[in-house]
Amino acid sequence: DEGEGGGILYDALILWVDCEASVLEKRLEVRAKKMVERGLLLELYTIFLRVDKELPQWRTEQKGIFQAIGLKEFDSLLCGLQERRVSMEDLRLGNIPEEYRSVFQEALEKLVRRTRRYSRTQRSYVRNRLRRHRVPLFRYEVEDREALVAACGAAVHVCQAHLAGECDIAQVDAGHFLAPLPPQPKLEVRECALCSKSLMGEEQWKKHARSTAHKRRARAQRKRSGPHASEQKSERRG
């Protein structure tokens, strides 16, 4: 986090344990299957029944915990289990009605796909955003257990040097240090009075101007204002 003056609030050090995308995606698939074996479906069903009883609007509107990875992907299956009044004990024993087994497999595949997308977002954030902060960042590629042990040893050495106050921390483990990216230029804020939204920079503005919601409001405004009204009236620069 950064203070008002742009300085780092805490004495920070980032150690990033990473691996190649192909290896990571295989691991995510294995992890998802292990989560199911260890009772993921039972846990999701417990949450689903409780929230559906106490906050049914969350499921209807896909709000709150229903935005979390897992519930969204298994929603159709959980609804079916609820309609069939499948008990907790049946799920604990792995007894899924035959007609829902294909739905279960489809939900599991959706879970894996969404987890992969989320991991790509995380990796992109570290590479393109986190590196712009003035915090030392070391990346350790871990393909197997042997590499993990080696990475742990190197990371401990970096931590010790950092705590000792070494000035040039990058040279402690130069092979794994990621040089910071230059700060992004300050973006102009553009206001869409039509949609009551603030957009950061030209790219966001163009994307918003192409959106269905903006175009719908622009058409409605033109109808109200007459045939010669311009969509550009909806823009006000900040």
# chains A, B, ... in the order shown; residues from 1 in each chain; ligands from 1

call {"tool": "select_by_dssp", "arguments": {"residues": "stretch 106-190 of chain A", "states": "strand (DSSP E or B)", "output": "list in words"}}
result
Leu137, Phe138, Arg139, Tyr140, Glu141, Phe177, Val189 and Arg190 of chain A

call {"tool": "write_last_selection", "arguments": {"atoms": "C-alpha atoms", "output": "PDB file, in the first residue's frame"}}
result
ATOM      1  CA  LEU A 137      10.324  -8.532  -6.061  1.00  0.00           C
ATOM      2  CA  PHE A 138      11.969 -11.936  -6.503  1.00  0.00           C
ATOM      3  CA  ARG A 139      10.502 -14.671  -8.707  1.00  0.00           C
ATOM      4  CA  TYR A 140      11.268 -18.341  -8.017  1.00  0.00           C
ATOM      5  CA  GLU A 141      10.254 -20.884 -10.639  1.00  0.00           C
ATOM      6  CA  PHE A 177      15.276 -10.398  -8.985  1.00  0.00           C
ATOM      7  CA  VAL A 189     -10.137  11.143 -16.122  1.00  0.00           C
ATOM      8  CA  ARG A 190     -13.056  11.340 -18.520  1.00  0.00           C
TER       9      ARG A 190
END

call {"tool": "atom_distance", "arguments": {"atom1": "atom CA of A:Arg132", "atom2": "atom CA of A:Gly165"}}
result
21.9 Å

call {"tool": "atom_distance", "arguments": {"atom1": "atom CA of A:Arg59", "atom2": "atom CA of A:Leu77"}}
result
13.4 Å

call {"tool": "residues_around", "arguments": {"residues": "A:Leu181", "least_positions_apart": "2", "cutoff": "9 Å", "atoms": "only C-alpha atoms", "output": "PyMOL selection string"}}
result
chain A and resi 127-133+178-179+183-184

call {"tool": "residues_around", "arguments": {"residues": "A:Thr212", "least_positions_apart": "6", "cutoff": "12 Å", "atoms": "only C-alpha atoms", "output": "number ranges by chain"}}
result
A: 195, 218-219

call {"tool": "write_last_selection", "arguments": {"atoms": "N, CA and C atoms", "output": "compact mmCIF listing (two decimals), in the first residue's frame"}}
result
# COMPACT_ATOMS: atom_id res chain seq x y z
N CYS A 195 -23.95 8.21 -18.49
CA CYS A 195 -23.98 6.97 -17.70
C CYS A 195 -23.54 7.19 -16.26
N ALA A 218 -27.41 6.49 -25.23
CA ALA A 218 -27.16 7.52 -26.25
C ALA A 218 -28.33 7.58 -27.24
N ARG A 219 -28.85 6.41 -27.63
CA ARG A 219 -30.00 6.39 -28.56
C ARG A 219 -31.22 7.03 -27.92

call {"tool": "atom_distance", "arguments": {"atom1": "atom CA of A:Val51", "atom2": "atom CA of A:Arg113"}}
result
24.9 Å

call {"tool": "decode", "arguments": {"residues": "stretch 213-224 of chain A", "atoms": "all heavy atoms", "output": "CSV table (one decimal), in the first residue's frame"}}
result
chain,number,residue,atom,x,y,z
A,213,ALA,N,-24.7,-0.7,-23.0
A,213,ALA,CA,-25.5,0.2,-22.1
A,213,ALA,C,-25.3,1.6,-22.5
A,213,ALA,O,-26.3,2.4,-22.5
A,213,ALA,CB,-25.0,0.0,-20.7
A,214,HIS,N,-24.1,2.0,-22.9
A,214,HIS,CA,-23.8,3.4,-23.3
A,214,HIS,C,-24.6,3.7,-24.6
A,214,HIS,O,-25.2,4.8,-24.7
A,214,HIS,CB,-22.3,3.7,-23.4
A,214,HIS,CG,-22.0,5.0,-23.9
A,214,HIS,ND1,-22.0,6.1,-23.1
A,214,HIS,CD2,-21.7,5.5,-25.2
A,214,HIS,CE1,-21.7,7.2,-23.8
A,214,HIS,NE2,-21.5,6.9,-25.1
A,215,LYS,N,-24.5,2.8,-25.5
A,215,LYS,CA,-25.2,3.1,-26.8
A,215,LYS,C,-26.7,3.2,-26.6
A,215,LYS,O,-27.3,4.0,-27.3
A,215,LYS,CB,-24.8,2.0,-27.8
A,215,LYS,CG,-23.3,2.0,-28.3
A,215,LYS,CD,-23.1,0.9,-29.2
A,215,LYS,CE,-21.6,1.0,-29.8
A,215,LYS,NZ,-21.3,-0.2,-30.7
A,216,ARG,N,-27.2,2.3,-25.7
A,216,ARG,CA,-28.7,2.4,-25.5
A,216,ARG,C,-29.1,3.7,-24.9
A,216,ARG,O,-30.1,4.3,-25.3
A,216,ARG,CB,-29.1,1.2,-24.5
A,216,ARG,CG,-30.6,1.1,-24.3
A,216,ARG,CD,-30.9,-0.1,-23.5
A,216,ARG,NE,-30.3,-0.2,-22.2
A,216,ARG,CZ,-29.4,-1.0,-21.9
A,216,ARG,NH1,-29.0,-1.9,-22.7
A,216,ARG,NH2,-28.9,-1.0,-20.6
A,217,ARG,N,-28.3,4.2,-23.9
A,217,ARG,CA,-28.6,5.5,-23.4
A,217,ARG,C,-28.4,6.6,-24.4
A,217,ARG,O,-29.2,7.6,-24.4
A,217,ARG,CB,-27.7,5.7,-22.1
A,217,ARG,CG,-28.1,4.8,-20.9
A,217,ARG,CD,-27.3,5.3,-19.7
A,217,ARG,NE,-27.7,4.4,-18.6
A,217,ARG,CZ,-26.9,3.4,-18.2
A,217,ARG,NH1,-25.8,3.1,-18.8
A,217,ARG,NH2,-27.3,2.6,-17.1
A,218,ALA,N,-27.4,6.5,-25.2
A,218,ALA,CA,-27.2,7.5,-26.2
A,218,ALA,C,-28.3,7.6,-27.2
A,218,ALA,O,-28.8,8.7,-27.6
A,218,ALA,CB,-25.9,7.2,-27.0
A,219,ARG,N,-28.9,6.4,-27.6
A,219,ARG,CA,-30.0,6.4,-28.6
A,219,ARG,C,-31.2,7.0,-27.9
A,219,ARG,O,-32.0,7.8,-28.6
A,219,ARG,CB,-30.3,4.9,-29.0
A,219,ARG,CG,-29.4,4.4,-30.0
A,219,ARG,CD,-29.9,3.1,-30.6
A,219,ARG,NE,-30.1,2.1,-29.6
A,219,ARG,CZ,-29.2,1.1,-29.3
A,219,ARG,NH1,-28.0,1.2,-29.9
A,219,ARG,NH2,-29.5,0.2,-28.4
A,220,ALA,N,-31.4,6.7,-26.6
A,220,ALA,CA,-32.6,7.3,-25.9
A,220,ALA,C,-32.4,8.8,-25.8
A,220,ALA,O,-33.4,9.6,-26.0
A,220,ALA,CB,-32.7,6.7,-24.5
A,221,GLN,N,-31.2,9.3,-25.6
A,221,GLN,CA,-31.0,10.7,-25.5
A,221,GLN,C,-31.2,11.4,-26.9
A,221,GLN,O,-31.8,12.5,-27.0
A,221,GLN,CB,-29.6,11.0,-25.1
A,221,GLN,CG,-29.3,12.5,-24.8
A,221,GLN,CD,-27.8,12.8,-24.7
A,221,GLN,OE1,-27.0,12.4,-25.5
A,221,GLN,NE2,-27.5,13.5,-23.6
A,222,ARG,N,-30.8,10.8,-28.0
A,222,ARG,CA,-31.0,11.3,-29.3
A,222,ARG,C,-32.5,11.5,-29.6
A,222,ARG,O,-33.0,12.4,-30.2
A,222,ARG,CB,-30.3,10.5,-30.4
A,222,ARG,CG,-28.8,10.7,-30.4
A,222,ARG,CD,-28.2,10.2,-31.7
A,222,ARG,NE,-28.3,8.7,-31.8
A,222,ARG,CZ,-27.5,7.9,-31.3
A,222,ARG,NH1,-26.4,8.3,-30.7
A,222,ARG,NH2,-27.7,6.6,-31.5
A,223,LYS,N,-33.3,10.4,-29.2
A,223,LYS,CA,-34.7,10.5,-29.5
A,223,LYS,C,-35.4,11.6,-28.7
A,223,LYS,O,-36.3,12.3,-29.2
A,223,LYS,CB,-35.3,9.2,-29.0
A,223,LYS,CG,-35.0,8.0,-30.0
A,223,LYS,CD,-35.7,6.7,-29.5
A,223,LYS,CE,-35.3,5.6,-30.4
A,223,LYS,NZ,-36.0,4.3,-30.0
A,224,ARG,N,-34.9,11.9,-27.5
A,224,ARG,CA,-35.4,12.9,-26.7
A,224,ARG,C,-35.0,14.3,-27.2
A,224,ARG,O,-35.8,15.3,-27.2
A,224,ARG,CB,-35.0,12.8,-25.2
A,224,ARG,CG,-35.6,11.7,-24.5
A,224,ARG,CD,-35.4,11.8,-23.0
A,224,ARG,NE,-33.9,11.8,-22.7
A,224,ARG,CZ,-33.2,10.8,-22.4
A,224,ARG,NH1,-33.8,9.6,-22.4
A,224,ARG,NH2,-31.9,10.9,-22.1
